[in-house]
Structures are given as structure tokens and as C-alpha cells.
Number of protein chains: 2
Amino acid sequence: MAEMLSVEEARDRILDHIHPLPAEEVPLPGALGRVLAENAVAGEALPPFTNSAMDGYAVRSADTTGASPEHPVRLRLVGEVPAGQVYAGTLHPGEALRILTGAALPDGGDSVLEQERTRIGEGVVELLAAVSPGTNIRPSGDDVRPGTVLAPKGAEVGPAELALLAALGIQPIRVTRRPTVAIVSTGDELAPLGETPGPGQIRESNGPYLAAVVERAGATPLRLGVARDRVEEIRRLLDEASGADLILTSGGVSVGDYDLVKQILTERGTIDFWRVRMRPGKPLAFGMIGETPVLGLPGNPVSAAVTFELFGRPALRKMCGCSQLERPTVEVVLEGEDLERADRRHFVRASLRSRGGTLTATPTGDQGSHRISSLTGAAALLIIMEGEGIVHAGEHVPAILLNDAGMPWGG
Amino acid sequence: MAEMLSVEEARDRILDHIHPLPAEEVPLPGALGRVLAENAVAGEALPPFTNSAMDGYAVRSADTTGASPEHPVRLRLVGEVPAGQVYAGTLHPGEALRILTGAALPDGGDSVLEQERTRIGEGVVELLAAVSPGTNIRPSGDDVRPGTVLAPKGAEVGPAELALLAALGIQPIRVTRRPTVAIVSTGDELAPLGETPGPGQIRESNGPYLAAVVERAGATPLRLGVARDRVEEIRRLLDEASGADLILTSGGVSVGDYDLVKQILTERGTIDFWRVRMRPGKPLAFGMIGETPVLGLPGNPVSAAVTFELFGRPALRKMCGCSQLERPTVEVVLEGEDLERADRRHFVRASLRSRGGTLTATPTGDQGSHRISSLTGAAALLIIMEGEGIVHAGEHVPAILLNDAGMPWGG
């Protein structure tokens with residue numbers, strides 16, 4: 001009889017056997033979605049030099065004291081510096097330099113007066129206002145000081161991280177290698193995509209689904225197709241899968257009489273079959289073929305989706321080197337229906353709404369584990385913990401957000 | 001003088017010139033993230049045939065009346081049907097058929113008794129419980145009826161849609177062509193990625209950033225690099241960009257004296273220069289070179305990021321054929337600091353937290369438009385509307401969620 005485990009026990013046992021893959025160097029522009037294998041540390045300051053935040057005139061602020069439209073201060077105009085160039089000299093008392101946004105502040109200058117508050121004469125500029133030191137400038141290091149950790153080891157590189165690393169010239173970068181995941185669906189009842197189902201057959205959908213969520217988790221899917229319930233066919237597919245970093249199967253892990261996957265995994269390596277106290281998705285298998293972990297998901301599409309989310313995705317995130325293995329879990333208000341607690345934890349697909357600062361969640365209809373349509377429109381998995389009694393509409397429940405796309409949500 | 005527009009006016013003028021690209025057929029497994037160019041409609045039922053939800057025995061429920069452990073009902077065992085096969089005959093009164101999960105219910109049978117409530121004898125099965133019609137079966141069409149719209153035109157294909165379309169054999173599918181976006185950064189002050197900045201230069205970061213957000217918006221970025229402020233160089237890059245579906249420039253749209261982009265766009269096509277009542281990101285340009293729209297973003301990294309989000313992303317989503325152009329906007333509670341209203345709408349980068357069902361937002365520090373570090377860790381853009389007075393910490397403000405990844409959030 002398969003061992004009965006809690007969700008946490010199953011997750012921990014799997015993660016104990018999963019390790020981050022080795023690091024590799026990639027050019028920065030190709031690093032979107034990759035995970036840093038070491039802290040990205042600023043080697044220089046940003047901005048790299050003090051520069052003007054305005055189009056205007058660089059001045060020594062002491063020269064501007066008392067300037068007003070009625071009593072303009074006249075300074076000698078010594079030149080002009082556009083962005084990308086530097087003023088070779090030093091700004092002396094009584095001098096002003098025309099400066100454009102982003103151009104380096106000249107030595108001697110300590111502030112910029114915007115051009116709208118000046119008048120231009122022949123070789124002179126009239127200041128119509130006084131400025132204090134530091135006005136309209138962006139000091140060197142104002143955004144980032146040298147030595148700052150721009151993004152820590154284990155962080156995912158998003159667009160903002162790409163911009164920041166590019167601005168500091170950090171390239172190439174060291175990231176964790178992207179895992180390859182071999183995906184095998186098993187079962188005589190499955191007609192592969194593009195084939196017409198025979199009598200008693202259904203169209204296979206777990207393969208395309210799992211390839212998609214594997215890709216979204218930051219890994220590369222390798223779809224090996226459908227293994228019929230014949231020993232030699234399953235053996236052949238497992239051979240093909242042997243170069244992968246993870247083998248993901250669906251089907252063949254329940255108590256059915258025809259589950260050959262079980263037998264073959266047992267003959268090839270070590271494999272445990274579990275019943276997890278959860279709904280959907282009770283049967284689960286996990287083991288190793290040589291160095292390669294194998295995660296066996298249930299065959300029901302919804303069960304496969306939910307168990308991938310709870311066990312497969314964290315495993316892949318750990319392989320990817322992510323510091324954050326889990327999606328954000330937030331409190332939401334249940335709407336639409338009451339839900340009954342049971343002896344198995346129930347993961348309920350729900351849509352989300354925001355009303356006046358409160359997140360509400362509505363289950364996506366019938367939660368039968370064969371109802372693929374309950375997955376579409378689901379932005380969250382509500383967690384109905386083990387226990388007794390009813391969770392009433394209007395009560396708070398924890399929800400796993402399915403749509404974080406690697407973005408940071410505080411806990 | 002550039003025209004002054006509201007955020008809505010600028011957005012509407014841009015979207016008026018943007019149209020969905022033509023449709024193309026793609027195989028289903030490659031359709032992740034693509035947008036449906038027509039409704040995906042079920043041509044068959046799901047499940048395609050009534051099948052067993054359990055491993056057990058298919059029976060005629062009328063035969064089971066009164067069955068209990070004390071008074072079992074004995075039925076003649078006529079065979080076995082695993083998933084993927086069908087029972088050739090009809091189940092007659094007094095007969096039971098061994099049936100496995102997912103296998104087709106035989107003609108004549110109307111329910112399944114789970115095997116845990118049976119005892120097996122020689123050619124007979126003893127039922128220890130009665131069942132009512134429909135017990136432990138999944139009727140044909142229970143998940144999807146023929147003619148159901150599985151996903152509407154304009155919907156993005158996510159993992160759940162892939163599974164559902166695969167389960168109904170809908171492949172290939174018609175999706176809108178993916179736009180190609182030419183990305184040009186302009187300015188003498190920019191050192192391209194991998195080059196050492198000269199005196200007065202900064203490292204270019206808008207190119208990598210915009211390529212990343214273009215990709216995340218569902219389009220293909222074409223990075224053309226940095227155009228120095230020389231007429232012939234900008235002309236050459238615009239020639240290279242001419243095959244794209246959108247040209248995205250950054251820099252060269254402000255009132256600076258060296259903005260040649262303006263001059264060259266004017267000579268090549270129609271181009272408007274706007275000041276948008278927003279912060280960051282006031283200057284913006286939009287026009288057409290032949291049939292190709294050109295969106296000119298400001299050069300400051302944060303201004304470029306926010307204007308892309310408000311104007312570039314909806315334009316790309318419209319080209320992609322999405323029905324949902326905007327990211328979800330939700331009400332959040334401001335935390336950490338008070339914010340002052342001004343005559344320009346302020347888009348404040350903020351991190352998000354969930355506390356007991358309430359979303360709270362904390363600005364990511366100094367909001368200067370040169371501070372790239374204010375973009376990292378930002379999960380939302382708070383919208384501080386034009387006006388006067390203070391938005392105090394604890395008040396509700398609308399927030400654009402930056403992390404929806406195309407998932408549905410109700411409004």
C-alpha cells in the first residue's frame with residue numbers, strides 16, 4: 001500500500017533530492033528570466049559622474065545670491081556642454097556654462113539653473129533666480145554606490161534587473177543552467193495530439209500543458225510523447241529521457257492494474273509511491289533513475305496541473321537556483337459559495353477580483369479532477385486546509401497566486 | 001512648442017493608429033503566449049464518452065437495490081474494461097463489468113460501484129452497497145459540450161487553454177502574427193553594452209530593458225543598437241528598422257538642442273511631439289514612417305520604462321490582437337509615506353504586500369526619473385491623479401499590477 005503523506009512531507013522529500021544546477025555565463029541581453037548564480041555587485045557608481053538634471057546653466061551657487069527678475073545676476077558664458085561630452089576647464093567665479101540634460105557638471109560648478117529662469121545676452125547669461133548648492137543636479141552615486149548588491153544570488157533577472165545591470169556594465173553574467181525536463185504521458189487511453197482517438201480513447205492534453213508550465217517555470221521542456229502500456233515502449237521513452245535534468249511523467253501512478261510505469265521505474269532505480277492528503281491529486285510517485293529525479297504525476301489533467309504546481313514547480317525553481325521556490329500566497333475573501341473542509345487539503349481553482357483594496361476569490365465552478373475547463377480563468381489556488389466544518393463565503397482563505405511571473409510580492 | 005496632452009489623449013491617439021496584425025496558423029504546442037485570432041470552439045464533447053471516475057464495477061443501478069455488507073447483491077462478472085478500451089457487448093440485468101478509471105461505461109450500465117465496496121468470487125462480484133443512477137461516472141459532455149467557446153478571440157493562450165484545446169483536438173490554431181519591434185536608442189552620451197564609456201558618457205540600458213518588456217508583451221524585439229547624434233547614422237538605423245511592425249526609440253524627443261531624431265522623423269514621415277501631463281515621462285513622440293508606427297520614448301530610463309508601460313505595451317497588445325490591452329488596475333492601501341498631488345499625474349513605483357486580504361503598496365524609495373534602482377522590486381505603478389493636496393499613507397490609491405503575465409484578474 002502506498003505511503004500516506006501530508007503536502008509538506010511530500011514536498012520536503014522531493015526537494016531534499018533536488019539541487020541547483022551548475023552555473024554558466026550568458027550575455028546580458030539573453031539573460032531575461034534566468035536566475036543569478038552569484039550576487040550582482042556594482043563595480044562603479046550610477047550615475048557615474050555628477051550631471052545636470054535639466055537643460056540650463058551650470059554655475060557656482062555662491063555667484064547667484066540675490067538673483068531675481070528685477071535684479072538679475074550677470075555671468076560670463078564660457079561655453080556649452082552637451083550630454084556625452086565634458087567641459088575641459090574649470091568653472092571660475094563669475095562664469096556660467098550652458099549645460100544640457102545628462103551632461104557632466106564642470107569642475108567648480110555646484111548647481112544648475114534651468115534655462116527658463118535665464119536670459120541670454122552677448123557672451124553673458126542673466127540669472128533670474130538664485131540656486132543653492134546641489135540644485136538640479138544628479139550626484140554621482142545617487143542611484144547606486146560602488147559595492148551595492150544590485151540583485152542577489154537566486155534572484156530572477158527581469159526587465160528592471162537587465163536595465164540596472166546594463167547601466168553598470170555587468171556583462172556577461174553568471175546564471176544557473178536552465179534545466180531540461182523530459183515529459184512522458186502514459187496510458188493506452190491517450191491519443192497523441194493530431195491523431196484521431198480510437199474507441200474508448202481520449203485526446204492527450206497533459207503533454208502540452210506540462211510543457212507550457214515547465215517553460216513558464218524557467219526550464220526547457222522536452223516532450224517525448226505518449227507511452228502506451230507496454231513494457232518495451234515505456235523503457236524506450238525512459239532511455240530517451242535519461243539525459244534530462246528531471247523526468248516528469250503523468251499517469252501510471254495510481255492503484256490501477258495496468259500501471260506498468262510503476263514496475264519499470266522500480267526496476268530502473270528507486271521509486272516511492274505516495275498518497276498525498278490533498279485533493280485533487282492524491283497519487284504521486286518520486287524517485288531517482290541514476291542521478292535523474294523522476295516525478296510521477298497523476299493522469300487526471302487537473303490533478304496533474306495541481307500536483308505540478310505544488311511539487312514540480314518548486315523542484316524546478318530549486319534546480320534553477322531560485323531563492324524563492326514558492327509562488328506568493330495571500331489572504332483573499334471567499335465569494336460565491338461555501339466550501340467544506342475534509343480530511344484531505346483541498347486546492348480550489350478560483351478567479352480573483354479586487355474591490356476597494358480587498359482581494360476576493362470565486363471558485364471556477366465544479367472542481368471535479370477531470371474538468372479541464374476549471375483551470376481556465378483560474379488566477380489562484382485557494383487552500384482549504386484539512387479539518388472539519390464549513391468555510392463560508394465572506395471568510396478569509398489563503399490563496400496561491402498563479403500569475404506572479406517571477407515578480408516580487410511581499411509575504 | 002510641443003502639444004500638451006493628458007495620458008488618455010496620448011494613449012487614444014496612439015491606439016487609433018495601431019491595428020491587429022494578420023492571423024496565421026500555428027501548431028498547438030507552439031502557441032503558448034499567442035493570441036487567438038478567432039474563437040476556439042469545441043467540435044466535440046469532453047469527456048467524449050461517459051466513463052468511470054473510479055476503479056470498480058459498472059452496474060445497472062436497479063440491480064443494486066438493498067445491497068449492504070449484511071445482504072450483498074451477487075452479480076455475474078462478464079468481463080473487464082481498462083481505460084482505452086470498450087466493452088463490446090451490452091450490460092444486461094444481473095451483470096457487472098469490472099471497469100477501470102477513465103474506461104467507457106458499457107451500454108446498459110448507468111453507474112459504478114467502487115471496488116472497495118465489493119467482494120470478488122468465482123465469476124461473480126458481491127456488491128456491499130447500493131448505488132443510484134450516475135454514481136461514480138463522468139457523463140459525456142460534463143466538462144465541455146460541443147459548440148462551447150473554449151477561449152474567445154483575443155484571449156491569450158496560457159497553459160490551461162493549451163490543455164483544453166488539446167483535449168478537444170483543436171490544432172493547428174489561428175493566432176495573430178507576433179509583432180516585430182525595432183528598438184533604437186539615441187544619444188551621443190550612450191556607450192553600447194560591452195563598450196567602455198568615454199568621458200561624459202553613460203552605459204546604455206534602455207535597449208536591453210525595452211527588448212525585455214517587448215518580449216514579455218508578446219512581441220519579438222529587434223535591437224538595432226545606439227544611434228549617435230549624427231544625421232546619417234540615425235537615417236541608416238531607421239532604414240534597418242523599416243521592416244518592423246513598430247519602431248521604438250528612446251531619447252531625442254525632449255526640447256534639447258541636439259535632438260536630431262525629431263528632425264529625421266519629420267523628414268521621413270509624420271511625427272507629433274507631445275508633452276504628456278505625467279511624471280515621469282513628459283516628452284513623447286508618435287508618428288508614422290510609411291505604414292510603420294514610430295513611438296518615441298524619453299531617454300531617461302525610468303521615463304522610458306513608464307511610458308512604454310502606459311503607451312507601448314497597450315499598442316503591442318493591440319497589434320497582437322488581445323482583447324485586454326491594459327494590465328489589471330486594483331485598489332491598494334498606500335503605506336510608508338504621503339504623496340503630494342500635482343498638475344501632472346504621477347506614476348509611483350511600489351512594492352506590494354498582502355495583509356489579511358488587503359493589498360498594501362510601499363513606494364520603492366526616491367522616484368527620480370534617473371533612478372533605475374526604483375524599478376527593481378516594483379510590482380505596481382501607483383496612480384496619483386492630477387490635483388491638489390496630499391494622498392496620506394493609509395488611503396486607497398489605484399495601482400497598475402505589473403505582474404499579471406496575461407492571467408485574468410477581474411476588474
# chains A, B, ... in the order shown; residues from 1 in each chain; ligands from 1

call {"tool": "residues_around", "arguments": {"residues": "Arg349 (chain B)", "least_positions_apart": "5", "cutoff": "8 Å", "atoms": "only C-alpha atoms", "output": "PyMOL selection string"}}
result
chain B and resi 363-364+367+374-375+378-382

call {"tool": "write_last_selection", "arguments": {"atoms": "C-alpha atoms", "output": "CSV table (one decimal), in the first residue's frame"}}
result
chain,number,residue,atom,x,y,z
B,363,PRO,CA,6.9,53.3,-2.9
B,364,THR,CA,10.4,52.0,-3.9
B,367,GLN,CA,11.3,58.4,-7.5
B,374,SER,CA,13.5,52.4,-8.3
B,375,LEU,CA,12.3,49.9,-11.0
B,378,ALA,CA,8.4,47.3,-8.2
B,379,ALA,CA,5.3,45.1,-8.6
B,380,ALA,CA,2.9,48.0,-9.3
B,381,LEU,CA,2.6,51.6,-10.5
B,382,LEU,CA,0.5,53.7,-8.2

call {"tool": "residues_around", "arguments": {"residues": "Asp245 (chain A)", "least_positions_apart": "6", "cutoff": "8 Å", "atoms": "only C-alpha atoms", "output": "count of residues only"}}
result
6

call {"tool": "atom_distance", "arguments": {"atom1": "CA of Ser323 (chain A)", "atom2": "CA of Ala155 (chain A)"}}
result
6.5 Å

call {"tool": "residues_around", "arguments": {"residues": "Pro20 (chain A)", "least_positions_apart": "5", "cutoff": "6 Å", "atoms": "only C-alpha atoms", "output": "NGL selection string"}}
result
:A and (318-321)

call {"tool": "closest_residue", "arguments": {"among": "A:Ser205, A:Ser303, A:Asn136, A:Ser185", "to": "Gly225 (chain A)", "atoms": "only C-alpha atoms"}}
result
A:Ser185

call {"tool": "decode", "arguments": {"residues": "region 78-99 of chain B", "atoms": "C-alpha atoms", "output": "short mmCIF file (atom, residue, chain, number, x, y, z; two decimals), in the first residue's frame"}}
result
data_model
loop_
_atom_site.label_atom_id
_atom_site.label_comp_id
_atom_site.auth_asym_id
_atom_site.auth_seq_id
_atom_site.Cartn_x
_atom_site.Cartn_y
_atom_site.Cartn_z
CA VAL B 78 -18.99 -10.56 -17.51
CA GLY B 79 -15.52 -9.15 -18.12
CA GLU B 80 -13.22 -6.24 -17.62
CA VAL B 81 -12.63 -2.98 -19.46
CA PRO B 82 -9.43 -0.97 -18.90
CA ALA B 83 -9.07 2.68 -19.93
CA GLY B 84 -8.56 2.95 -23.67
CA GLN B 85 -10.79 0.00 -24.50
CA VAL B 86 -14.53 -0.55 -24.83
CA TYR B 87 -16.78 -3.43 -23.79
CA ALA B 88 -18.18 -4.82 -26.99
CA GLY B 89 -21.49 -6.02 -25.56
CA THR B 90 -24.35 -4.62 -23.52
CA LEU B 91 -24.65 -4.94 -19.78
CA HIS B 92 -27.79 -6.94 -19.09
CA PRO B 93 -29.78 -7.19 -15.85
CA GLY B 94 -27.87 -9.27 -13.29
CA GLU B 95 -24.48 -8.47 -14.84
CA ALA B 96 -21.48 -6.45 -13.64
CA LEU B 97 -18.36 -5.41 -15.57
CA ARG B 98 -15.00 -4.76 -13.96
CA ILE B 99 -14.11 -1.18 -15.05
#
